[in-house]
Amino acid sequence: MKNINTILIILFNFSSLIVHSQTTIPITKSMLDKSIKMPLSELVDSVTFIKLETKAECFLPSNFGIRFTKDFIFCDNKVFQWNGRWKLNIGQRGRGPYEEVDGVTNVTSKDGKFYSKSYKLIEYDATGKPTKKVKNLWSENRDRNAVGSSLANANANIIPLRNYLFLSAADAVYFVNPENFQIVNRRIVVNNKATLDVVRNNSPGNTTSYRDNFLYCNRFNDTVFYVKDMILQPMWVINVGKDIKLPMEAYEKIVDYMNDWASGGTRIDEVRSGKVSISNVYETNNYLFIRALRFATSDRKISNYYICYNKKMKTSKVINSKDFVDDILGLGVYSLQIYDEKIFQTLWPHEIFDIIDKKKKAGEKIHPKLEALSRQINEGDNPVIFVAHLKK
């Protein structure tokens with residue numbers, strides 16, 4: 001009887017997984033044309049902030065990438081703790097065996113060590129010192145005879161799984177053994193008939209996290225996956241209407257289009273005109289948030305839309321990004337970067353001061369929390385991360 005119950009439980013869990021994996025979320029032209037305004041307070045109940053420490057060793061450039069993990073906040077190669085204190089920097093710019101020519105921008109941590117990925121995969125100890133374990137990803141490309149995926153992509157994130165490191169290219173994903181940096185599995189996610197130059201000029205996909213899961217999506221593949229050790233588990237299908245979906249041609253001919261664009265041509269605009277591409281997918285307890293890029297038909301402007309899919313109700317709300325506004329602290333348009341039931345917005349001190357000045361000139365009330373923060377920061381400080389806490 002005990003064995004039968006165990007089998008039934010396994011079958012139930014498996015069937016639930018199949019049903020969930022087949023969930024389809026449609027995105028149509030009419031949905032985007034009828035986007036709504038959404039105040040931040042509809043989703044969150046409070047906003048706090050993290051002041052990133054400012055010192056010479058960790059001063060951030062005007063443009064930087066930011067990624068949130070359980071233990072750290074990574075700003076390019078600079079590692080901050082969740083209280084905002086700077087911990088260390090990872091990697092060096094240079095031509096040495098443990099350096100990157102363009103510097104390090106993608107960093108992660110696993111089991112007390114740090115890893116960076118750009119044109120090389122490099123391991124560091126807990127103090128940020130290279131352990132002398134390195135893999136030249138350009139060599140990996142040459143081994144593939146100049147056809148297929150390119151791991152030497154500075155834009156791709158490196159994600160720590162339980163037993164492996166997860167790396168992504170534009171057409172495939174890789175599972176790497178952290179002990180010896182050997183690729184133990186390669187999964188094709190987009191049919192690639194092109195060369196490495198094509199792959200290097202396309203987005204390597206996007207990876208976000210939810211609880212103990214990592215979500216992976218690729219703009220030329222409709223499926224959102226959970227990434228587990230050696231497995232891509234399909235969870236959702238984002239069904240962009242055929243009349244607005246960015247065609248595969250935009251992927252396969254990207255090098256030709258870029259060369260044409262560099263000489264003043266418009267071929268890339270013609271193929272993207274009015275089309276939609278999925279760039280990010282975030283999961284929370286109650287929602288799936290999808291960020292869609294919509295290319296204009298008359299110019300080179302790109303509009304951002306947020307599709308807020310209610311997992312329980314199985315319904316979607318479409319918000320134009322400019323209409324997703326903070327009505328709690330009054331920070332204006334709020335961005336959509338989500339981790340651990342929180343939505344993050346990063347602002348420089350001068351941007352915060354500008355918001356306050358505009359409110360004063362308009363005779364608007366300034367939130368006491370925002371006013372108090374303005375007295376704690378200086379013009380030359382590192383950015384402040386605003387943390388909007390999602391309702392339970």
# chains A, B, ... in the order shown; residues from 1 in each chain; ligands from 1
call {"tool": "residues_around", "arguments": {"residues": "stretch 321-327 of chain A", "least_positions_apart": "5", "cutoff": "7 Å", "atoms": "only C-alpha atoms", "output": "list in words"}}
result
Lys37, Met38, Pro39, Leu40, Ser41, Asn304, Tyr305, Tyr306, Gly332, Val333 and Tyr334 of chain A
call {"tool": "select_by_dssp", "arguments": {"residues": "stretch 170-375 of chain A", "states": "strand (DSSP E or B)", "output": "VMD selection string"}}
result
chain A and resid 172 to 176 183 to 188 195 206 to 210 213 to 218 221 to 228 231 to 240 245 276 to 283 287 to 295 302 to 310 315 to 326 332 to 333 338 to 339 342 to 347
call {"tool": "residues_around", "arguments": {"residues": "stretch 155-165 of chain A", "least_positions_apart": "4", "cutoff": "7 Å", "atoms": "only C-alpha atoms", "output": "count of residues only"}}
result
14
call {"tool": "residues_around", "arguments": {"residues": "stretch 342-357 of chain A", "least_positions_apart": "2", "cutoff": "9 Å", "atoms": "only C-alpha atoms", "output": "JSON, numbers by chain"}}
result
{"A": [44, 62, 284, 330, 331, 332, 334, 335, 336, 337, 338, 339, 340, 359, 360, 361, 362, 366, 370, 371, 374, 377, 378, 379, 380, 381, 382, 383, 384, 385, 386, 387, 388, 389, 390]}
call {"tool": "select_by_dssp", "arguments": {"residues": "stretch 36-267 of chain A", "states": "helix (DSSP H, G or I)", "output": "VMD selection string"}}
result
chain A and resid 40 to 42 56 to 58 137 to 143 196 to 200 249 to 252 254 to 262 267
call {"tool": "closest_residue", "arguments": {"among": "A:Lys29, A:Lys391, A:Lys245, A:Lys365", "to": "A:Tyr287", "atoms": "only C-alpha atoms"}}
result
A:Lys391
call {"tool": "closest_residue", "arguments": {"among": "A:Ile238, A:Pro247, A:Arg291, A:Asn285", "to": "A:Lys392", "atoms": "only C-alpha atoms"}}
result
A:Asn285
call {"tool": "residues_around", "arguments": {"residues": "A:Asn77", "least_positions_apart": "5", "cutoff": "10 Å", "atoms": "only C-alpha atoms", "output": "PyMOL selection string"}}
result
chain A and resi 58+60+64-66+88-92+103-108+116
call {"tool": "write_last_selection", "arguments": {"atoms": "N, CA and C atoms", "output": "CSV table (one decimal), in the first residue's frame"}}
result
chain,number,residue,atom,x,y,z
A,58,CYS,N,35.3,51.0,-5.3
A,58,CYS,CA,34.0,50.4,-5.9
A,58,CYS,C,33.2,51.5,-6.5
A,60,LEU,N,31.2,53.2,-9.2
A,60,LEU,CA,30.6,52.7,-10.4
A,60,LEU,C,30.6,53.6,-11.6
A,64,PHE,N,26.3,50.5,-16.0
A,64,PHE,CA,26.8,49.2,-15.5
A,64,PHE,C,25.6,48.2,-15.4
A,65,GLY,N,26.0,47.0,-15.4
A,65,GLY,CA,25.0,45.9,-15.3
A,65,GLY,C,24.8,45.6,-13.8
A,66,ILE,N,23.6,45.2,-13.4
A,66,ILE,CA,23.4,44.9,-12.0
A,66,ILE,C,22.6,43.6,-11.9
A,88,LEU,N,34.3,43.2,-2.4
A,88,LEU,CA,35.5,43.1,-3.2
A,88,LEU,C,35.2,43.2,-4.7
A,89,ASN,N,36.2,43.3,-5.5
A,89,ASN,CA,36.1,43.4,-6.9
A,89,ASN,C,36.7,42.1,-7.5
A,90,ILE,N,36.1,41.6,-8.6
A,90,ILE,CA,36.5,40.4,-9.2
A,90,ILE,C,37.1,40.7,-10.6
A,91,GLY,N,38.3,40.1,-10.8
A,91,GLY,CA,38.9,40.2,-12.2
A,91,GLY,C,39.6,41.5,-12.5
A,92,GLN,N,40.5,41.4,-13.5
A,92,GLN,CA,41.3,42.6,-13.9
A,92,GLN,C,41.2,42.7,-15.4
A,103,GLY,N,37.9,43.8,-19.6
A,103,GLY,CA,37.5,43.8,-18.3
A,103,GLY,C,36.4,42.8,-18.0
A,104,VAL,N,36.0,42.6,-16.7
A,104,VAL,CA,35.0,41.6,-16.3
A,104,VAL,C,33.7,42.3,-16.0
A,105,THR,N,32.6,41.8,-16.6
A,105,THR,CA,31.3,42.3,-16.3
A,105,THR,C,30.3,41.3,-15.8
A,106,ASN,N,30.6,40.0,-16.0
A,106,ASN,CA,29.7,39.0,-15.6
A,106,ASN,C,30.3,38.1,-14.5
A,107,VAL,N,29.8,38.2,-13.3
A,107,VAL,CA,30.4,37.5,-12.1
A,107,VAL,C,29.3,36.7,-11.4
A,108,THR,N,29.6,35.6,-10.8
A,108,THR,CA,28.7,34.9,-9.9
A,108,THR,C,29.5,34.2,-8.8
A,116,SER,N,34.0,34.4,-13.2
A,116,SER,CA,33.7,35.4,-14.1
A,116,SER,C,33.7,34.8,-15.5
call {"tool": "atom_distance", "arguments": {"atom1": "atom CA of A:Ser168", "atom2": "atom CA of A:Gly205"}}
result
6.8 Å
call {"tool": "closest_residue", "arguments": {"among": "A:Pro234, A:Asn83, A:Arg67, A:Met313", "to": "A:Thr48", "atoms": "only C-alpha atoms"}}
result
A:Asn83
